[in-house]
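Remarks on the structure that follows.
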Amino acid sequence: MGMMKKSIRKLLYWFGYEVQKISKYSADHLAGKKRPVPVATPPPLGPVWPLPRQTRGLTDDEIRKEFVKFDMWHYTYAFEGGISFPVRHIKPDRLIDDPKRHAQRFRHFMPWLLDAQNGSFKGKRVLDIACNSGYWSIQCALLGAEVVGFDARPELIRQADLIKSIVGLTNVKFTVLDIKEMNPRSLNGTFDVVLNMGFLFHVSNPLETLQLSKAMSHKHLLLDTAVSTSKNPVFELRWEEPQDTWTACRAGIVVYPSRRAVEMMLMHCQVTDWLEIPVRSREIPPDYLNHRHASWLITV
């Protein structure tokens, strides 16, 4: 039997797989915490698109002049009147440059988040961590929330303020802030909803980041992150350089958690409940379909 196990291990290793043992306690405990998918899924919801423009705001030419001041844009933007701008990165990438990517992501997880707010963001406070150019903040504000978005990079906050000025929103505020400075005192209290979107895998300590995120919410946390494809609770280390608007803002090690690692961290943070948001459509970015990206709705 021992020789057979060794042979199987060698064969799997040859194909690029590694057999690892997980403790019975961890496996059983995590299995007991998995949340079943509710029978009734929330109704479909798409982003407000194209974005509206305030009356007597910037002209088309003025908007174009403002957009070209920035070398990189992580999100595509389209505005009423037929004016639009594509994603721009230093190194083109077919996956993240897809103009449909973020609208598809919105349709994937936003219905669940809105449903958790009893179908309305009106009267809700939303915090958007590492907000980039404010795509998610703007969408939540258009749905009626009072929104605060922050990012460590001043140029991204200038982009977010530009989008805000074009749309003409008064219920969203953007500020330059490092996540280590994030606390209820610096941001005037806690929030109904905290968005941790595409950020967890750009940090070296994801557990600390989740704990900080949880501390900012008194109701819900929406987590959307790239993940390791391992079926075990593991962390995959990578090196990242601050070479683009979607990478870490400092050079160093970043951590990709597996799905089970995320759930183990949520247990450690002692959240009340969570749901891994199910993929219910093929109209979604391929990294969600091939299990390299996932989303969780968390009740803190």
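Chains: A, B, ... in order of the structure tokens. Residues: from 1 per chain. Ligands: from 1, in order shown.
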
Could you list, with a cut-off of 10 Å and counting only C-alpha atoms, the residues of stretch 68-136 of chain A near stretch 163-177 of chain A, each shown with its nearest atom pair and the distance in Å rounded to one decimal, rows sorted by chain and ascending number, as CSV?
residue,atom,partner,partner_atom,distance
A:Tyr77,CA,A:Ile163,CA,8.8
A:Phe79,CA,A:Val167,CA,8.4
A:Glu80,CA,A:Val167,CA,9.5
A:Arg125,CA,A:Asn171,CA,9.8
A:Val126,CA,A:Val172,CA,9.2
A:Leu127,CA,A:Val172,CA,9.8
A:Asp128,CA,A:Phe174,CA,9.3
A:Ile129,CA,A:Leu177,CA,9.4
A:Ala130,CA,A:Leu177,CA,8.6
A:Cys131,CA,A:Phe174,CA,8.5
A:Asn132,CA,A:Phe174,CA,10.0
A:Ser133,CA,A:Ile163,CA,7.7
A:Gly134,CA,A:Ile163,CA,7.6
A:Tyr135,CA,A:Ile163,CA,8.5

Q: Enumerate as a PyMOL selection string all residues of stretch 67-228 of chain A assigned to helix (DSSP H, G or I) by DSSP on the backbone, naming them with the chain letters and numbers the document uses.
A: chain A and resi 67+101-116+135-142+154-167+179-181+200-202+206-215

Filtering to C-alpha atoms, could you give me those residues as a compact mmCIF listing (two decimals), in the first residue's frame?
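See again_32.txt below for the written result:
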# COMPACT_ATOMS: atom_id res chain seq x y z
CA PHE A 67 -8.96 62.00 -19.34
CA ARG A 101 -15.29 42.83 -17.23
CA HIS A 102 -16.54 45.17 -14.53
CA ALA A 103 -20.15 45.30 -15.70
CA GLN A 104 -20.14 41.48 -15.59
CA ARG A 105 -18.65 41.55 -12.09
CA PHE A 106 -21.36 44.01 -11.03
CA ARG A 107 -24.09 41.66 -12.27
CA HIS A 108 -22.40 38.80 -10.41
CA PHE A 109 -22.27 40.15 -6.86
CA MET A 110 -24.19 43.43 -6.60
CA PRO A 111 -27.66 41.80 -6.66
CA TRP A 112 -26.70 39.85 -3.53
CA LEU A 113 -25.36 42.93 -1.75
CA LEU A 114 -28.42 45.02 -2.61
CA ASP A 115 -30.73 42.20 -1.52
CA ALA A 116 -28.94 42.14 1.86
CA TYR A 135 -16.09 52.85 -10.25
CA TRP A 136 -17.83 50.97 -7.40
CA SER A 137 -18.23 54.10 -5.25
CA ILE A 138 -19.97 55.92 -8.11
CA GLN A 139 -22.33 53.00 -8.74
CA CYS A 140 -23.30 52.76 -5.05
CA ALA A 141 -23.83 56.53 -4.91
CA LEU A 142 -26.07 56.38 -7.99
CA PRO A 154 -3.28 60.55 -5.09
CA GLU A 155 -3.54 60.23 -8.89
CA LEU A 156 -6.33 57.67 -8.51
CA ILE A 157 -8.27 59.98 -6.20
CA ARG A 158 -7.91 62.73 -8.82
CA GLN A 159 -9.41 60.32 -11.35
CA ALA A 160 -12.27 59.49 -8.97
CA ASP A 161 -12.96 63.19 -8.36
CA LEU A 162 -13.04 63.73 -12.12
CA ILE A 163 -15.70 61.04 -12.58
CA LYS A 164 -17.64 62.46 -9.64
CA SER A 165 -17.57 65.96 -11.17
CA ILE A 166 -18.74 64.74 -14.58
CA VAL A 167 -21.66 62.82 -13.08
CA ILE A 179 -5.36 51.23 4.65
CA LYS A 180 -3.21 51.11 7.81
CA GLU A 181 -4.65 54.53 8.69
CA LEU A 200 -7.01 41.45 -0.75
CA PHE A 201 -4.51 39.79 -3.10
CA HIS A 202 -2.42 42.96 -3.36
CA PRO A 206 -4.60 39.41 4.16
CA LEU A 207 -5.74 38.41 7.66
CA GLU A 208 -4.89 41.85 9.05
CA THR A 209 -6.62 43.45 6.05
CA LEU A 210 -9.80 41.44 6.71
CA GLN A 211 -9.73 42.34 10.38
CA LEU A 212 -9.38 46.04 9.54
CA SER A 213 -12.19 45.74 6.98
CA LYS A 214 -14.48 44.03 9.48
CA ALA A 215 -13.80 46.73 12.08

Q: Tell me, as a PyMOL selection string, which residues lie within 6 Å of A:Ser217, counting only C-alpha atoms; anything in the same chain fewer than 6 positions away does not count.
A: chain A and resi 190-192+194

Q.
Calculated over only C-alpha atoms, which of the candidates A:Arg88, A:Arg64, A:His293, A:Arg94 has the smallest distance to A:Phe199?
A. A:His293

Q | Gap from atom CA of A:Cys249 to atom CA of A:Pro86 - Å, one decimal | A |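 Value for the atom CA of A:Cys249-atom CA of A:Pro86 distance: 22.3 Å.
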
Q: List every residue of stretch 25-258 of chain A that DSSP, applied to the backbone, labels as strand (DSSP E or B), and write the result as number ranges by chain.
A: A: 51, 73, 77-79, 83-85, 88, 125-129, 146-151, 172-176, 191-197, 217-226, 228, 235-240, 252-258

Q: In Å, rounded to a single decimal, give me how far atom CA of A:Gly144 is from atom CA of A:Asn118.
A: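 Result for atom CA of A:Asn118 versus atom CA of A:Gly144: 13.2 Å, one decimal.
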
Q: Could you tell me how far atom CA of A:Asp93 lies from atom CA of A:Phe235, in Å and to one decimal?
A: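 A separation of 24.2 Å between them.
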
Q: Would you please work out which residue, of A:Arg280, A:Val262, A:Ile83, A:Pro44, is nearest to A:Glu62 when using only C-alpha atoms?
A: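 Selected residue with least distance to A:Glu62: A:Ile83.
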
Q. Could you name the residues that touch A:Pro92 at 12 Å or less, counting only C-alpha atoms, but leaving out those on the same chain fewer than 4 positions away, as a list in words?
A. Met72, Trp73, His74, Pro86, Val87, Arg88, Ile96, Asp97, Asp98, Asp244 and Trp246 of chain A

Residue selection dump (N, CA and C atoms) as a PDB file, in the first residue's frame:
ATOM      1  N   MET A  72      -2.835  56.034 -17.301  1.00  0.00           N
ATOM      2  CA  MET A  72      -3.462  54.734 -17.078  1.00  0.00           C
ATOM      3  C   MET A  72      -4.864  54.884 -16.497  1.00  0.00           C
ATOM      4  N   TRP A  73      -5.753  54.021 -16.950  1.00  0.00           N
ATOM      5  CA  TRP A  73      -7.101  53.909 -16.399  1.00  0.00           C
ATOM      6  C   TRP A  73      -7.416  52.427 -16.227  1.00  0.00           C
ATOM      7  N   HIS A  74      -7.779  52.034 -15.008  1.00  0.00           N
ATOM      8  CA  HIS A  74      -8.061  50.615 -14.762  1.00  0.00           C
ATOM      9  C   HIS A  74      -9.474  50.224 -15.186  1.00  0.00           C
ATOM     10  N   PRO A  86     -11.551  53.855 -23.019  1.00  0.00           N
ATOM     11  CA  PRO A  86     -11.198  52.461 -22.732  1.00  0.00           C
ATOM     12  C   PRO A  86     -10.239  52.340 -21.551  1.00  0.00           C
ATOM     13  N   VAL A  87     -10.071  51.103 -21.100  1.00  0.00           N
ATOM     14  CA  VAL A  87      -9.035  50.789 -20.111  1.00  0.00           C
ATOM     15  C   VAL A  87      -7.670  51.066 -20.738  1.00  0.00           C
ATOM     16  N   ARG A  88      -6.740  51.590 -19.941  1.00  0.00           N
ATOM     17  CA  ARG A  88      -5.372  51.799 -20.411  1.00  0.00           C
ATOM     18  C   ARG A  88      -4.401  51.327 -19.342  1.00  0.00           C
ATOM     19  N   ILE A  96      -7.899  41.602 -17.927  1.00  0.00           N
ATOM     20  CA  ILE A  96      -8.285  42.795 -17.180  1.00  0.00           C
ATOM     21  C   ILE A  96      -8.613  43.975 -18.078  1.00  0.00           C
ATOM     22  N   ASP A  97      -8.229  43.907 -19.354  1.00  0.00           N
ATOM     23  CA  ASP A  97      -8.553  44.994 -20.285  1.00  0.00           C
ATOM     24  C   ASP A  97      -9.909  44.819 -20.962  1.00  0.00           C
ATOM     25  N   ASP A  98     -10.573  43.709 -20.716  1.00  0.00           N
ATOM     26  CA  ASP A  98     -11.870  43.455 -21.342  1.00  0.00           C
ATOM     27  C   ASP A  98     -12.865  44.533 -20.910  1.00  0.00           C
ATOM     28  N   ASP A 244       1.545  49.585 -12.212  1.00  0.00           N
ATOM     29  CA  ASP A 244       0.293  49.913 -12.882  1.00  0.00           C
ATOM     30  C   ASP A 244      -0.741  50.308 -11.843  1.00  0.00           C
ATOM     31  N   TRP A 246      -3.471  48.839 -11.174  1.00  0.00           N
ATOM     32  CA  TRP A 246      -4.172  47.702 -10.571  1.00  0.00           C
ATOM     33  C   TRP A 246      -3.233  46.840  -9.732  1.00  0.00           C
TER      34      TRP A 246
END

Q | A:Asp61, A:Glu263, A:Asp178, A:Glu236 ranked by distance to A:Leu275, top pick (using only C-alpha atoms) | A |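 That would be A:Glu263, the residue with the smallest distance to A:Leu275.
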
Q) Given the choices A:Gly46, A:Glu66, A:Gly149, A:Asn205, which gets closest to A:Met265 if the distance is worked out from only C-alpha atoms? A)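 Using only C-alpha atoms, A:Met265 sits closest to A:Asn205.
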
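Every protein, DNA or RNA residue with an atom at most 7 Å from A:Lys219, where only C-alpha atoms count and chain neighbours fewer than 4 positions away do not, is listed here: Asp192, Val193, Thr299 and Val300 of chain A.
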
Atoms to include: N, CA and C atoms. Write the selected residues as a PDB file, in the first residue's frame.
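Okay, this is what ended up in again-v9.pdb:
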ATOM      1  N   ASP A 192     -22.498  50.780   6.984  1.00  0.00           N
ATOM      2  CA  ASP A 192     -23.424  49.666   6.763  1.00  0.00           C
ATOM      3  C   ASP A 192     -22.798  48.615   5.861  1.00  0.00           C
ATOM      4  N   VAL A 193     -22.047  49.092   4.855  1.00  0.00           N
ATOM      5  CA  VAL A 193     -21.430  48.197   3.870  1.00  0.00           C
ATOM      6  C   VAL A 193     -19.982  48.614   3.671  1.00  0.00           C
ATOM      7  N   THR A 299     -21.631  38.799   6.681  1.00  0.00           N
ATOM      8  CA  THR A 299     -22.330  39.498   7.753  1.00  0.00           C
ATOM      9  C   THR A 299     -21.376  39.567   8.938  1.00  0.00           C
ATOM     10  N   VAL A 300     -21.024  40.768   9.317  1.00  0.00           N
ATOM     11  CA  VAL A 300     -19.984  40.904  10.349  1.00  0.00           C
ATOM     12  C   VAL A 300     -20.541  40.669  11.760  1.00  0.00           C
TER      13      VAL A 300
END

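Minimum distance to A:Ala261 across A:Ala294, A:Leu195, A:Val234, A:Val48 (counting only C-alpha atoms) occurs at A:Val234.
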
Q.
Taking only C-alpha atoms into account, name the residue in A:Leu297, A:Arg238, A:Ala145, A:Gln270 that is nearest to A:Asn196.
A.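 Among the listed residues, A:Leu297 lies closest to A:Asn196.
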
Q: Find the spatial neighbours of A:Gly189, counting only C-alpha atoms, within a cut-off of 10 Å - ignore same-chain residues fewer than 3 positions away - and output them as JSON, numbers by chain.
A: {"A": [125, 183, 184, 185, 186, 216, 217, 218]}
